[in-house]
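Below is one structure, written out as structure tokens, with a few remarks after it.
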Amino acid sequence: MNRPVKVILVTTAVCAALLSFLWRDTFDAESLKGARVLVTGSSKGIGEQMAYHYARFGAQIVITARSKDALLKVAERCQELGAQRVLQVAADMSVPTDSERVVAFAVEKLGGLDYLVLNHIGSSNFAMWDGDVEHIRTLMQVNFLSYAQMTSSALPALKESGGAIVVVSSIAGKLSTPFVAPYTATKFALTGFFGTLRQELAMQKANVSVTICMLGLIDTESAMKKVREKVNMKAAPATEAALEIIRSGATRQKELYYPLLAQLLCLSRDFFPAVRDWIIQSSFNYQP
């Protein structure tokens, strides 16, 4: 066997071993038994599904959203699925004081906090930007500033427990996509802020992980209602997305891309910009 062939074979073997190591499944469901978890935006969609998965793993959960009635139904189902404990607190994240109140409630009632799962979003139209700056300002409070406020309030408890911050974001926080300019602005803000926070926590040697979840199109009721007949892409199931988010937070991954297409699109961002833009624009049904 000549030398170039040997080099190729050895390089291939090393790469295969490295990929196998990086992609190994390190998730331990038992680690979530009794874990103290706060999940926002948990009355429907991905947040609701995360609450159910945490319940199946035997966690102690605080769920929050605006609708008290919806939260009660989710809490009842969580009890049926095996949650050690489930509490609900209604809150509106457009009100700055509510975000801090929710964290204080969770820390007090649970006696600490292991997971801060930030998932809530404000309502936004699926349309080309109409020049409404005030809407961007309002959406920033819900989709970004409240995340920062809750993180600030929760960090002392998370540092004490060696806990985790799980940020449910979108590939819209990595790629600029049409029809969601205000939403995209908030997601880019999340990517920048929590990416920086992760670096700073590491420099401080604080044992708090930060996982940013870049999601593609998910088949939640609200998302499907907005994009039906407007996009040419398949939506991934919310229950699977929710489970992947939980696994990523529990294994302290830095980033999650779900589904796989989300990662492929993000990888094309800098290397193949023309291809990237063609794929993105071709994914929408639009006639000028």
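For the structure tokens, the naming scheme is as follows: chains receive sequential letters (A, B, ...) according to their order of presentation, residues are indexed from 1 within each chain, and ligands are indexed from 1 in presentation order.
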
Proximity of region 90-152 of chain A to region 250-253 of chain A: per-residue shortest pair, 12 Å limit, only C-alpha atoms, as CSV:
```
residue,atom,partner,partner_atom,distance
A:Asp114,CA,A:Ala250,CA,9.9
A:Tyr115,CA,A:Ala250,CA,8.7
A:Leu116,CA,A:Ala250,CA,11.4
A:Val117,CA,A:Ala250,CA,11.1
```

Write out, as a Markdown table, each residue of region 239-260 of chain A that has an atom at most 9 Å from region 208-219 of chain A, together with the closest pair of atoms and their distance in Å to one decimal, counting only C-alpha atoms, rows going by chain and rising number.
```
| residue | atom | partner | partner_atom | distance |
| --- | --- | --- | --- | --- |
| A:Ala241 | CA | A:Ile218 | CA | 7.5 |
| A:Ile245 | CA | A:Cys213 | CA | 6.7 |
| A:Ser248 | CA | A:Thr211 | CA | 7.0 |
| A:Gly249 | CA | A:Thr211 | CA | 5.9 |
| A:Arg252 | CA | A:Ser209 | CA | 5.8 |
| A:Gln253 | CA | A:Thr211 | CA | 5.7 |
| A:Lys254 | CA | A:Thr211 | CA | 4.6 |
| A:Glu255 | CA | A:Ile212 | CA | 4.8 |
| A:Leu256 | CA | A:Cys213 | CA | 4.6 |
| A:Tyr257 | CA | A:Met214 | CA | 4.8 |
| A:Tyr258 | CA | A:Leu215 | CA | 5.0 |
| A:Pro259 | CA | A:Gly216 | CA | 6.3 |
| A:Leu260 | CA | A:Gly216 | CA | 8.8 |
```

How would the residues just picked look written out with C-alpha atoms as a short mmCIF file (atom, residue, chain, number, x, y, z; two decimals), in the first residue's frame?
```cif
data_model
loop_
_atom_site.label_atom_id
_atom_site.label_comp_id
_atom_site.auth_asym_id
_atom_site.auth_seq_id
_atom_site.Cartn_x
_atom_site.Cartn_y
_atom_site.Cartn_z
CA ALA A 241 -38.32 19.20 18.65
CA ILE A 245 -34.25 20.67 23.13
CA SER A 248 -29.45 19.24 24.35
CA GLY A 249 -29.90 21.17 27.59
CA ARG A 252 -25.01 20.84 28.03
CA GLN A 253 -24.57 21.26 24.29
CA LYS A 254 -23.68 24.73 23.08
CA GLU A 255 -26.05 24.69 20.12
CA LEU A 256 -28.85 22.55 18.74
CA TYR A 257 -29.94 22.58 15.12
CA TYR A 258 -33.28 20.89 14.44
CA PRO A 259 -34.16 19.48 11.99
CA LEU A 260 -30.96 18.64 10.09
#
```

Would you list the contacts of Asn119 (chain A) as an mmCIF file with all heavy atoms, in the first residue's frame, taking every protein, DNA or RNA residue within 12 Å and counting only C-alpha atoms, but skipping same-chain residues closer than 5 positions in sequence?
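Final output, saved to around.cif:
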```
data_model
loop_
_atom_site.group_PDB
_atom_site.id
_atom_site.type_symbol
_atom_site.label_atom_id
_atom_site.label_comp_id
_atom_site.auth_asym_id
_atom_site.auth_seq_id
_atom_site.Cartn_x
_atom_site.Cartn_y
_atom_site.Cartn_z
ATOM 1 N N LEU A 38 -37.886 25.489 35.081
ATOM 2 C CA LEU A 38 -38.840 26.554 34.733
ATOM 3 C C LEU A 38 -38.935 26.605 33.219
ATOM 4 O O LEU A 38 -37.931 26.802 32.536
ATOM 5 C CB LEU A 38 -38.368 27.903 35.283
ATOM 6 C CG LEU A 38 -39.104 29.160 34.781
ATOM 7 C CD1 LEU A 38 -40.597 29.088 35.063
ATOM 8 C CD2 LEU A 38 -38.490 30.414 35.399
ATOM 9 N N VAL A 39 -40.142 26.407 32.686
ATOM 10 C CA VAL A 39 -40.378 26.434 31.240
ATOM 11 C C VAL A 39 -41.345 27.566 30.922
ATOM 12 O O VAL A 39 -42.484 27.581 31.407
ATOM 13 C CB VAL A 39 -40.972 25.106 30.725
ATOM 14 C CG1 VAL A 39 -41.126 25.151 29.204
ATOM 15 C CG2 VAL A 39 -40.114 23.921 31.134
ATOM 16 N N THR A 40 -40.916 28.505 30.093
ATOM 17 C CA THR A 40 -41.791 29.615 29.716
ATOM 18 C C THR A 40 -42.529 29.282 28.416
ATOM 19 O O THR A 40 -42.129 28.398 27.664
ATOM 20 C CB THR A 40 -41.001 30.918 29.537
ATOM 21 O OG1 THR A 40 -40.193 30.819 28.349
ATOM 22 C CG2 THR A 40 -40.109 31.195 30.731
ATOM 23 N N GLY A 41 -43.614 30.006 28.172
ATOM 24 C CA GLY A 41 -44.409 29.766 26.968
ATOM 25 C C GLY A 41 -44.919 28.344 26.901
ATOM 26 O O GLY A 41 -44.944 27.712 25.844
ATOM 27 N N SER A 42 -45.357 27.819 28.055
ATOM 28 C CA SER A 42 -45.640 26.381 28.159
ATOM 29 C C SER A 42 -47.116 26.025 28.133
ATOM 30 O O SER A 42 -47.493 24.938 28.547
ATOM 31 C CB SER A 42 -44.981 25.821 29.429
ATOM 32 O OG SER A 42 -45.158 26.689 30.529
ATOM 33 N N SER A 43 -47.970 26.917 27.645
ATOM 34 C CA SER A 43 -49.400 26.600 27.567
ATOM 35 C C SER A 43 -49.777 25.943 26.246
ATOM 36 O O SER A 43 -50.861 25.390 26.106
ATOM 37 C CB SER A 43 -50.240 27.868 27.753
ATOM 38 O OG SER A 43 -50.006 28.789 26.690
ATOM 39 N N LYS A 44 -48.859 25.987 25.261
ATOM 40 C CA LYS A 44 -49.139 25.392 23.948
ATOM 41 C C LYS A 44 -47.834 25.195 23.192
ATOM 42 O O LYS A 44 -46.765 25.616 23.640
ATOM 43 C CB LYS A 44 -50.081 26.279 23.135
ATOM 44 C CG LYS A 44 -49.570 27.688 22.902
ATOM 45 C CD LYS A 44 -50.603 28.532 22.151
ATOM 46 C CE LYS A 44 -50.103 29.955 21.934
ATOM 47 N NZ LYS A 44 -51.098 30.792 21.219
ATOM 48 N N GLY A 45 -47.936 24.558 22.036
ATOM 49 C CA GLY A 45 -46.795 24.420 21.150
ATOM 50 C C GLY A 45 -45.620 23.672 21.750
ATOM 51 O O GLY A 45 -45.777 22.716 22.513
ATOM 52 N N ILE A 46 -44.418 24.106 21.416
ATOM 53 C CA ILE A 46 -43.198 23.433 21.876
ATOM 54 C C ILE A 46 -43.080 23.478 23.389
ATOM 55 O O ILE A 46 -42.663 22.505 24.020
ATOM 56 C CB ILE A 46 -41.958 24.084 21.216
ATOM 57 C CG1 ILE A 46 -41.983 23.854 19.711
ATOM 58 C CG2 ILE A 46 -40.669 23.511 21.809
ATOM 59 C CD1 ILE A 46 -40.915 24.615 18.951
ATOM 60 N N GLY A 47 -43.448 24.604 24.002
ATOM 61 C CA GLY A 47 -43.366 24.713 25.456
ATOM 62 C C GLY A 47 -44.245 23.702 26.160
ATOM 63 O O GLY A 47 -43.834 23.092 27.158
ATOM 64 N N GLU A 48 -45.445 23.505 25.655
ATOM 65 C CA GLU A 48 -46.341 22.505 26.230
ATOM 66 C C GLU A 48 -45.733 21.110 26.105
ATOM 67 O O GLU A 48 -45.742 20.320 27.074
ATOM 68 C CB GLU A 48 -47.692 22.547 25.509
ATOM 69 C CG GLU A 48 -48.680 21.507 26.002
ATOM 70 C CD GLU A 48 -49.977 21.507 25.214
ATOM 71 O OE1 GLU A 48 -50.106 22.310 24.267
ATOM 72 O OE2 GLU A 48 -50.866 20.683 25.532
ATOM 73 N N GLN A 49 -45.184 20.797 24.934
ATOM 74 C CA GLN A 49 -44.579 19.484 24.727
ATOM 75 C C GLN A 49 -43.350 19.283 25.615
ATOM 76 O O GLN A 49 -43.112 18.181 26.125
ATOM 77 C CB GLN A 49 -44.213 19.306 23.254
ATOM 78 C CG GLN A 49 -45.399 19.293 22.305
ATOM 79 C CD GLN A 49 -46.409 18.211 22.658
ATOM 80 O OE1 GLN A 49 -46.037 17.075 22.932
ATOM 81 N NE2 GLN A 49 -47.690 18.563 22.639
ATOM 82 N N MET A 50 -42.578 20.333 25.831
ATOM 83 C CA MET A 50 -41.435 20.215 26.745
ATOM 84 C C MET A 50 -41.903 19.919 28.159
ATOM 85 O O MET A 50 -41.303 19.101 28.866
ATOM 86 C CB MET A 50 -40.590 21.493 26.712
ATOM 87 C CG MET A 50 -39.718 21.615 25.487
ATOM 88 S SD MET A 50 -38.436 22.899 25.650
ATOM 89 C CE MET A 50 -39.436 24.388 25.542
ATOM 90 N N ALA A 51 -42.966 20.579 28.581
ATOM 91 C CA ALA A 51 -43.504 20.330 29.919
ATOM 92 C C ALA A 51 -43.885 18.861 30.078
ATOM 93 O O ALA A 51 -43.597 18.240 31.112
ATOM 94 C CB ALA A 51 -44.707 21.230 30.176
ATOM 95 N N ILE A 63 -44.467 25.979 35.177
ATOM 96 C CA ILE A 63 -44.851 26.372 33.826
ATOM 97 C C ILE A 63 -45.476 27.760 33.872
ATOM 98 O O ILE A 63 -46.135 28.125 34.845
ATOM 99 C CB ILE A 63 -45.825 25.359 33.186
ATOM 100 C CG1 ILE A 63 -47.065 25.145 34.069
ATOM 101 C CG2 ILE A 63 -45.118 24.033 32.933
ATOM 102 C CD1 ILE A 63 -48.122 24.243 33.450
ATOM 103 N N THR A 64 -45.249 28.523 32.819
ATOM 104 C CA THR A 64 -45.787 29.874 32.788
ATOM 105 C C THR A 64 -46.186 30.265 31.371
ATOM 106 O O THR A 64 -45.577 29.835 30.389
ATOM 107 C CB THR A 64 -44.769 30.890 33.352
ATOM 108 O OG1 THR A 64 -45.356 32.185 33.390
ATOM 109 C CG2 THR A 64 -43.512 30.951 32.499
ATOM 110 N N ALA A 65 -47.233 31.055 31.281
ATOM 111 C CA ALA A 65 -47.734 31.626 30.033
ATOM 112 C C ALA A 65 -48.792 32.648 30.438
ATOM 113 O O ALA A 65 -49.042 32.859 31.627
ATOM 114 C CB ALA A 65 -48.321 30.542 29.126
ATOM 115 N N MET A 93 -45.073 38.465 29.452
ATOM 116 C CA MET A 93 -43.682 38.869 29.320
ATOM 117 C C MET A 93 -43.501 40.217 28.632
ATOM 118 O O MET A 93 -42.372 40.705 28.509
ATOM 119 C CB MET A 93 -42.884 37.790 28.588
ATOM 120 C CG MET A 93 -42.804 36.490 29.359
ATOM 121 S SD MET A 93 -42.124 36.708 31.032
ATOM 122 C CE MET A 93 -42.436 35.080 31.738
ATOM 123 N N VAL A 142 -40.633 41.240 24.511
ATOM 124 C CA VAL A 142 -41.106 39.877 24.772
ATOM 125 C C VAL A 142 -40.060 38.839 24.368
ATOM 126 O O VAL A 142 -39.720 37.944 25.146
ATOM 127 C CB VAL A 142 -42.425 39.608 24.029
ATOM 128 C CG1 VAL A 142 -42.895 38.167 24.276
ATOM 129 C CG2 VAL A 142 -43.506 40.582 24.469
ATOM 130 N N ASN A 143 -39.549 38.954 23.152
ATOM 131 C CA ASN A 143 -38.691 37.910 22.587
ATOM 132 C C ASN A 143 -37.229 37.992 23.008
ATOM 133 O O ASN A 143 -36.491 37.024 22.855
ATOM 134 C CB ASN A 143 -38.735 37.952 21.062
ATOM 135 C CG ASN A 143 -40.055 37.477 20.493
ATOM 136 O OD1 ASN A 143 -41.043 37.350 21.209
ATOM 137 N ND2 ASN A 143 -40.072 37.228 19.200
ATOM 138 N N PHE A 144 -36.804 39.162 23.498
ATOM 139 C CA PHE A 144 -35.389 39.308 23.848
ATOM 140 C C PHE A 144 -35.162 39.863 25.254
ATOM 141 O O PHE A 144 -34.546 39.214 26.094
ATOM 142 C CB PHE A 144 -34.677 40.196 22.822
ATOM 143 C CG PHE A 144 -33.281 40.568 23.241
ATOM 144 C CD1 PHE A 144 -32.330 39.587 23.470
ATOM 145 C CD2 PHE A 144 -32.924 41.896 23.429
ATOM 146 C CE1 PHE A 144 -31.034 39.920 23.879
ATOM 147 C CE2 PHE A 144 -31.635 42.238 23.838
ATOM 148 C CZ PHE A 144 -30.696 41.252 24.056
ATOM 149 N N SER A 146 -37.048 40.257 27.877
ATOM 150 C CA SER A 146 -37.549 39.435 28.985
ATOM 151 C C SER A 146 -36.657 38.213 29.200
ATOM 152 O O SER A 146 -36.487 37.738 30.328
ATOM 153 C CB SER A 146 -38.994 39.001 28.736
ATOM 154 O OG SER A 146 -39.080 38.114 27.646
ATOM 155 N N TYR A 147 -36.044 37.694 28.118
ATOM 156 C CA TYR A 147 -35.100 36.582 28.252
ATOM 157 C C TYR A 147 -33.888 37.021 29.085
ATOM 158 O O TYR A 147 -33.419 36.292 29.966
ATOM 159 C CB TYR A 147 -34.621 36.119 26.876
ATOM 160 C CG TYR A 147 -35.563 35.220 26.113
ATOM 161 C CD1 TYR A 147 -36.908 35.541 25.945
ATOM 162 C CD2 TYR A 147 -35.105 34.048 25.521
ATOM 163 C CE1 TYR A 147 -37.752 34.724 25.227
ATOM 164 C CE2 TYR A 147 -35.943 33.211 24.798
ATOM 165 C CZ TYR A 147 -37.276 33.558 24.654
ATOM 166 O OH TYR A 147 -38.112 32.738 23.939
ATOM 167 N N MET A 150 -35.002 37.532 32.777
ATOM 168 C CA MET A 150 -35.175 36.275 33.501
ATOM 169 C C MET A 150 -33.821 35.630 33.793
ATOM 170 O O MET A 150 -33.606 35.059 34.866
ATOM 171 C CB MET A 150 -36.062 35.318 32.699
ATOM 172 C CG MET A 150 -37.485 35.816 32.519
ATOM 173 S SD MET A 150 -38.592 34.578 31.819
ATOM 174 C CE MET A 150 -38.944 33.602 33.287
ATOM 175 N N ILE A 165 -29.011 27.107 31.148
ATOM 176 C CA ILE A 165 -29.934 28.014 30.469
ATOM 177 C C ILE A 165 -30.177 27.438 29.084
ATOM 178 O O ILE A 165 -29.228 27.171 28.337
ATOM 179 C CB ILE A 165 -29.346 29.434 30.344
ATOM 180 C CG1 ILE A 165 -29.016 29.998 31.728
ATOM 181 C CG2 ILE A 165 -30.312 30.356 29.601
ATOM 182 C CD1 ILE A 165 -28.146 31.249 31.673
ATOM 183 N N VAL A 166 -31.431 27.226 28.743
ATOM 184 C CA VAL A 166 -31.795 26.680 27.438
ATOM 185 C C VAL A 166 -32.633 27.724 26.710
ATOM 186 O O VAL A 166 -33.715 28.086 27.169
ATOM 187 C CB VAL A 166 -32.579 25.359 27.575
ATOM 188 C CG1 VAL A 166 -32.918 24.795 26.197
ATOM 189 C CG2 VAL A 166 -31.787 24.346 28.393
ATOM 190 N N VAL A 167 -32.110 28.212 25.594
ATOM 191 C CA VAL A 167 -32.755 29.284 24.841
ATOM 192 C C VAL A 167 -33.348 28.697 23.568
ATOM 193 O O VAL A 167 -32.612 28.203 22.701
ATOM 194 C CB VAL A 167 -31.748 30.391 24.484
ATOM 195 C CG1 VAL A 167 -32.439 31.521 23.737
ATOM 196 C CG2 VAL A 167 -31.064 30.915 25.743
ATOM 197 N N VAL A 168 -34.663 28.734 23.455
ATOM 198 C CA VAL A 168 -35.321 28.236 22.246
ATOM 199 C C VAL A 168 -35.366 29.376 21.240
ATOM 200 O O VAL A 168 -36.118 30.332 21.387
ATOM 201 C CB VAL A 168 -36.739 27.713 22.554
ATOM 202 C CG1 VAL A 168 -37.394 27.192 21.271
ATOM 203 C CG2 VAL A 168 -36.676 26.607 23.606
ATOM 204 N N SER A 169 -34.532 29.253 20.210
ATOM 205 C CA SER A 169 -34.447 30.284 19.194
ATOM 206 C C SER A 169 -34.833 29.685 17.845
ATOM 207 O O SER A 169 -35.662 28.778 17.769
ATOM 208 C CB SER A 169 -33.044 30.896 19.165
ATOM 209 O OG SER A 169 -32.994 32.018 18.316
ATOM 210 N N SER A 170 -34.241 30.180 16.791
ATOM 211 C CA SER A 170 -34.651 29.808 15.432
ATOM 212 C C SER A 170 -33.482 30.000 14.489
ATOM 213 O O SER A 170 -32.549 30.772 14.771
ATOM 214 C CB SER A 170 -35.829 30.693 15.006
ATOM 215 O OG SER A 170 -36.046 30.649 13.612
ATOM 216 N N LYS A 187 -34.415 37.342 17.211
ATOM 217 C CA LYS A 187 -33.667 36.086 17.280
ATOM 218 C C LYS A 187 -32.171 36.303 17.086
ATOM 219 O O LYS A 187 -31.347 35.625 17.705
ATOM 220 C CB LYS A 187 -34.216 35.089 16.251
ATOM 221 C CG LYS A 187 -35.644 34.642 16.527
ATOM 222 C CD LYS A 187 -35.796 34.051 17.917
ATOM 223 C CE LYS A 187 -37.208 33.554 18.190
ATOM 224 N NZ LYS A 187 -37.366 33.004 19.557
ATOM 225 N N LEU A 190 -30.927 37.350 20.406
ATOM 226 C CA LEU A 190 -30.738 36.219 21.315
ATOM 227 C C LEU A 190 -29.426 35.499 21.041
ATOM 228 O O LEU A 190 -28.674 35.168 21.967
ATOM 229 C CB LEU A 190 -31.897 35.218 21.168
ATOM 230 C CG LEU A 190 -33.254 35.610 21.738
ATOM 231 C CD1 LEU A 190 -34.269 34.501 21.471
ATOM 232 C CD2 LEU A 190 -33.165 35.897 23.224
ATOM 233 N N ILE A 212 -28.204 27.176 22.950
ATOM 234 C CA ILE A 212 -29.054 27.950 22.042
ATOM 235 C C ILE A 212 -29.595 27.002 20.982
ATOM 236 O O ILE A 212 -28.826 26.345 20.280
ATOM 237 C CB ILE A 212 -28.271 29.100 21.382
ATOM 238 C CG1 ILE A 212 -27.591 29.965 22.445
ATOM 239 C CG2 ILE A 212 -29.200 29.948 20.521
ATOM 240 C CD1 ILE A 212 -26.683 31.043 21.874
ATOM 241 N N CYS A 213 -30.912 26.930 20.874
ATOM 242 C CA CYS A 213 -31.570 25.977 19.983
ATOM 243 C C CYS A 213 -32.047 26.676 18.715
ATOM 244 O O CYS A 213 -32.923 27.545 18.776
ATOM 245 C CB CYS A 213 -32.746 25.319 20.689
ATOM 246 S SG CYS A 213 -32.277 24.518 22.248
ATOM 247 N N MET A 214 -31.467 26.307 17.585
ATOM 248 C CA MET A 214 -31.809 26.886 16.289
ATOM 249 C C MET A 214 -32.817 25.967 15.604
ATOM 250 O O MET A 214 -32.445 24.926 15.063
ATOM 251 C CB MET A 214 -30.562 27.035 15.418
ATOM 252 C CG MET A 214 -29.420 27.751 16.097
ATOM 253 S SD MET A 214 -29.825 29.465 16.508
ATOM 254 C CE MET A 214 -28.268 29.963 17.252
ATOM 255 N N LEU A 215 -34.068 26.341 15.634
ATOM 256 C CA LEU A 215 -35.116 25.493 15.081
ATOM 257 C C LEU A 215 -35.545 25.957 13.698
ATOM 258 O O LEU A 215 -35.599 27.159 13.421
ATOM 259 C CB LEU A 215 -36.335 25.482 16.008
ATOM 260 C CG LEU A 215 -36.107 25.083 17.467
ATOM 261 C CD1 LEU A 215 -37.431 25.043 18.198
ATOM 262 C CD2 LEU A 215 -35.381 23.748 17.562
ATOM 263 N N ALA A 242 -39.256 19.313 20.880
ATOM 264 C CA ALA A 242 -39.226 19.539 22.329
ATOM 265 C C ALA A 242 -38.268 18.571 23.017
ATOM 266 O O ALA A 242 -37.494 18.963 23.902
ATOM 267 C CB ALA A 242 -40.635 19.388 22.903
ATOM 268 N N ILE A 245 -34.639 19.504 22.322
ATOM 269 C CA ILE A 245 -34.254 20.670 23.133
ATOM 270 C C ILE A 245 -33.871 20.231 24.543
ATOM 271 O O ILE A 245 -32.846 20.655 25.090
ATOM 272 C CB ILE A 245 -35.403 21.694 23.178
ATOM 273 C CG1 ILE A 245 -35.608 22.320 21.792
ATOM 274 C CG2 ILE A 245 -35.120 22.786 24.211
ATOM 275 C CD1 ILE A 245 -36.919 23.085 21.657
ATOM 276 N N ILE A 246 -34.702 19.381 25.124
ATOM 277 C CA ILE A 246 -34.444 18.899 26.485
ATOM 278 C C ILE A 246 -33.140 18.106 26.548
ATOM 279 O O ILE A 246 -32.315 18.292 27.453
ATOM 280 C CB ILE A 246 -35.626 18.046 26.976
ATOM 281 C CG1 ILE A 246 -36.851 18.936 27.196
ATOM 282 C CG2 ILE A 246 -35.268 17.293 28.259
ATOM 283 C CD1 ILE A 246 -38.125 18.173 27.478
#
```

Spatial neighbours of Ala172 (chain A), 10 Å, only C-alpha atoms, chain gap at least 4 places, as a PyMOL selection string: chain A and resi 176-178+180-181+183-188+191+214-216+262+266

Residues from last step as file, N, CA, C and O atoms, as an mmCIF file, in the first residue's frame:
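Saved the output as result_9.cif:
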```cif
data_model
loop_
_atom_site.group_PDB
_atom_site.id
_atom_site.type_symbol
_atom_site.label_atom_id
_atom_site.label_comp_id
_atom_site.auth_asym_id
_atom_site.auth_seq_id
_atom_site.Cartn_x
_atom_site.Cartn_y
_atom_site.Cartn_z
ATOM 1 N N SER A 176 -31.030 35.537 7.679
ATOM 2 C CA SER A 176 -32.093 36.511 7.414
ATOM 3 C C SER A 176 -33.083 35.908 6.422
ATOM 4 O O SER A 176 -32.702 35.494 5.332
ATOM 5 N N THR A 177 -34.342 35.830 6.833
ATOM 6 C CA THR A 177 -35.366 35.230 5.984
ATOM 7 C C THR A 177 -36.519 36.203 5.762
ATOM 8 O O THR A 177 -36.815 37.028 6.633
ATOM 9 N N PRO A 178 -37.184 36.121 4.621
ATOM 10 C CA PRO A 178 -38.256 37.076 4.318
ATOM 11 C C PRO A 178 -39.494 36.885 5.191
ATOM 12 O O PRO A 178 -39.716 35.819 5.756
ATOM 13 N N VAL A 180 -40.411 37.960 8.051
ATOM 14 C CA VAL A 180 -40.348 37.921 9.519
ATOM 15 C C VAL A 180 -39.269 38.875 10.047
ATOM 16 O O VAL A 180 -38.520 38.527 10.959
ATOM 17 N N ALA A 181 -39.200 40.058 9.485
ATOM 18 C CA ALA A 181 -38.119 40.993 9.858
ATOM 19 C C ALA A 181 -38.090 41.307 11.355
ATOM 20 O O ALA A 181 -37.026 41.207 11.988
ATOM 21 N N TYR A 183 -39.346 39.605 13.916
ATOM 22 C CA TYR A 183 -39.044 38.346 14.598
ATOM 23 C C TYR A 183 -37.564 37.995 14.446
ATOM 24 O O TYR A 183 -36.875 37.625 15.408
ATOM 25 N N THR A 184 -37.055 38.121 13.217
ATOM 26 C CA THR A 184 -35.655 37.817 12.946
ATOM 27 C C THR A 184 -34.729 38.717 13.756
ATOM 28 O O THR A 184 -33.701 38.258 14.279
ATOM 29 N N ALA A 185 -35.076 39.987 13.882
ATOM 30 C CA ALA A 185 -34.257 40.916 14.667
ATOM 31 C C ALA A 185 -34.127 40.438 16.111
ATOM 32 O O ALA A 185 -33.038 40.483 16.705
ATOM 33 N N THR A 186 -35.221 39.955 16.679
ATOM 34 C CA THR A 186 -35.172 39.489 18.068
ATOM 35 C C THR A 186 -34.346 38.212 18.203
ATOM 36 O O THR A 186 -33.651 38.014 19.199
ATOM 37 N N LYS A 187 -34.415 37.342 17.211
ATOM 38 C CA LYS A 187 -33.667 36.086 17.280
ATOM 39 C C LYS A 187 -32.171 36.303 17.086
ATOM 40 O O LYS A 187 -31.347 35.625 17.705
ATOM 41 N N PHE A 188 -31.793 37.251 16.214
ATOM 42 C CA PHE A 188 -30.386 37.593 16.099
ATOM 43 C C PHE A 188 -29.877 38.162 17.424
ATOM 44 O O PHE A 188 -28.744 37.904 17.830
ATOM 45 N N THR A 191 -29.152 35.250 19.763
ATOM 46 C CA THR A 191 -27.919 34.545 19.398
ATOM 47 C C THR A 191 -26.690 35.310 19.886
ATOM 48 O O THR A 191 -25.764 34.736 20.470
ATOM 49 N N MET A 214 -31.467 26.307 17.585
ATOM 50 C CA MET A 214 -31.809 26.886 16.289
ATOM 51 C C MET A 214 -32.817 25.967 15.604
ATOM 52 O O MET A 214 -32.445 24.926 15.063
ATOM 53 N N LEU A 215 -34.068 26.341 15.634
ATOM 54 C CA LEU A 215 -35.116 25.493 15.081
ATOM 55 C C LEU A 215 -35.545 25.957 13.698
ATOM 56 O O LEU A 215 -35.599 27.159 13.421
ATOM 57 N N GLY A 216 -35.866 24.991 12.862
ATOM 58 C CA GLY A 216 -36.485 25.284 11.582
ATOM 59 C C GLY A 216 -37.994 25.361 11.770
ATOM 60 O O GLY A 216 -38.489 25.609 12.867
ATOM 61 N N ALA A 262 -31.910 22.617 9.074
ATOM 62 C CA ALA A 262 -31.579 23.888 9.717
ATOM 63 C C ALA A 262 -30.067 24.064 9.796
ATOM 64 O O ALA A 262 -29.539 25.148 9.532
ATOM 65 N N CYS A 266 -27.616 26.798 7.746
ATOM 66 C CA CYS A 266 -26.716 27.693 8.475
ATOM 67 C C CYS A 266 -25.269 27.515 8.033
ATOM 68 O O CYS A 266 -24.503 28.486 7.967
#
```

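The smallest atom-to-atom distance between Gly162 (chain A) and any of A:Gln60, A:Asn207, A:Ser31, A:Thr97, using only C-alpha atoms, is found for A:Asn207.
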
One-decimal distance in Å that lies between CA of Glu244 (chain A) and CA of Trp278 (chain A): 28.5 Å

Among region 91-193 of chain A, which residues does DSSP mark as strand (DSSP E) when it is run on the backbone? Keep the chain and numbering as in the structure and answer as a ChimeraX atom specification. /A:115-118,164-170

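Note that the spacing between CA of Trp129 (chain A) and CA of Gln281 (chain A) amounts to 15.8 Å.
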
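Of the residues under consideration (A:Ala189, A:Met140, A:Val102, A:Ala59), A:Val102 shows the shortest atom-to-atom contact distance to Ser153 (chain A) when counting only C-alpha atoms.
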
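Among the candidates A:Val95, A:Leu267, A:Met128, A:Leu113, the residue lying nearest to Gln141 (chain A) is A:Val95 (atoms considered: only C-alpha atoms).
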
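The spacing separating CA of Phe57 (chain A) from CA of Ala91 (chain A) amounts to 25.4 Å.
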
Find the residues near Glu30 (chain A): any atom within 12 Å, counting only C-alpha atoms, skip ones fewer than 3 places away on the same chain, and give them as a compact mmCIF listing (two decimals) with N, CA and C atoms, in the first residue's frame.
```txt
# COMPACT_ATOMS: atom_id res chain seq x y z
N THR A 26 -25.04 10.96 24.98
CA THR A 26 -24.66 11.03 26.39
C THR A 26 -25.85 11.38 27.28
N PHE A 27 -27.04 11.40 26.72
CA PHE A 27 -28.21 11.79 27.48
C PHE A 27 -28.58 10.72 28.51
N LYS A 33 -34.63 13.39 36.75
CA LYS A 33 -35.55 13.02 37.82
C LYS A 33 -35.34 13.94 39.03
N GLY A 34 -36.37 14.67 39.37
CA GLY A 34 -36.28 15.61 40.48
C GLY A 34 -35.68 16.95 40.11
N ALA A 35 -35.25 17.12 38.87
CA ALA A 35 -34.65 18.39 38.43
C ALA A 35 -35.68 19.51 38.55
N TYR A 54 -40.63 16.70 30.31
CA TYR A 54 -40.02 16.85 31.62
C TYR A 54 -40.83 16.08 32.67
N ARG A 56 -42.60 13.34 32.16
CA ARG A 56 -42.31 11.91 31.99
C ARG A 56 -40.97 11.54 32.62
N PHE A 57 -40.04 12.47 32.63
CA PHE A 57 -38.73 12.21 33.23
C PHE A 57 -38.73 12.41 34.75
N GLY A 58 -39.88 12.81 35.30
CA GLY A 58 -40.00 12.94 36.75
C GLY A 58 -39.43 14.22 37.32
N ALA A 59 -39.43 15.29 36.53
CA ALA A 59 -38.89 16.56 37.00
C ALA A 59 -39.89 17.31 37.87
N ARG A 247 -32.94 17.21 25.58
CA ARG A 247 -31.71 16.42 25.54
C ARG A 247 -30.48 17.32 25.40
N ALA A 250 -29.81 19.04 28.72
CA ALA A 250 -29.34 18.09 29.74
C ALA A 250 -27.90 17.65 29.49
```
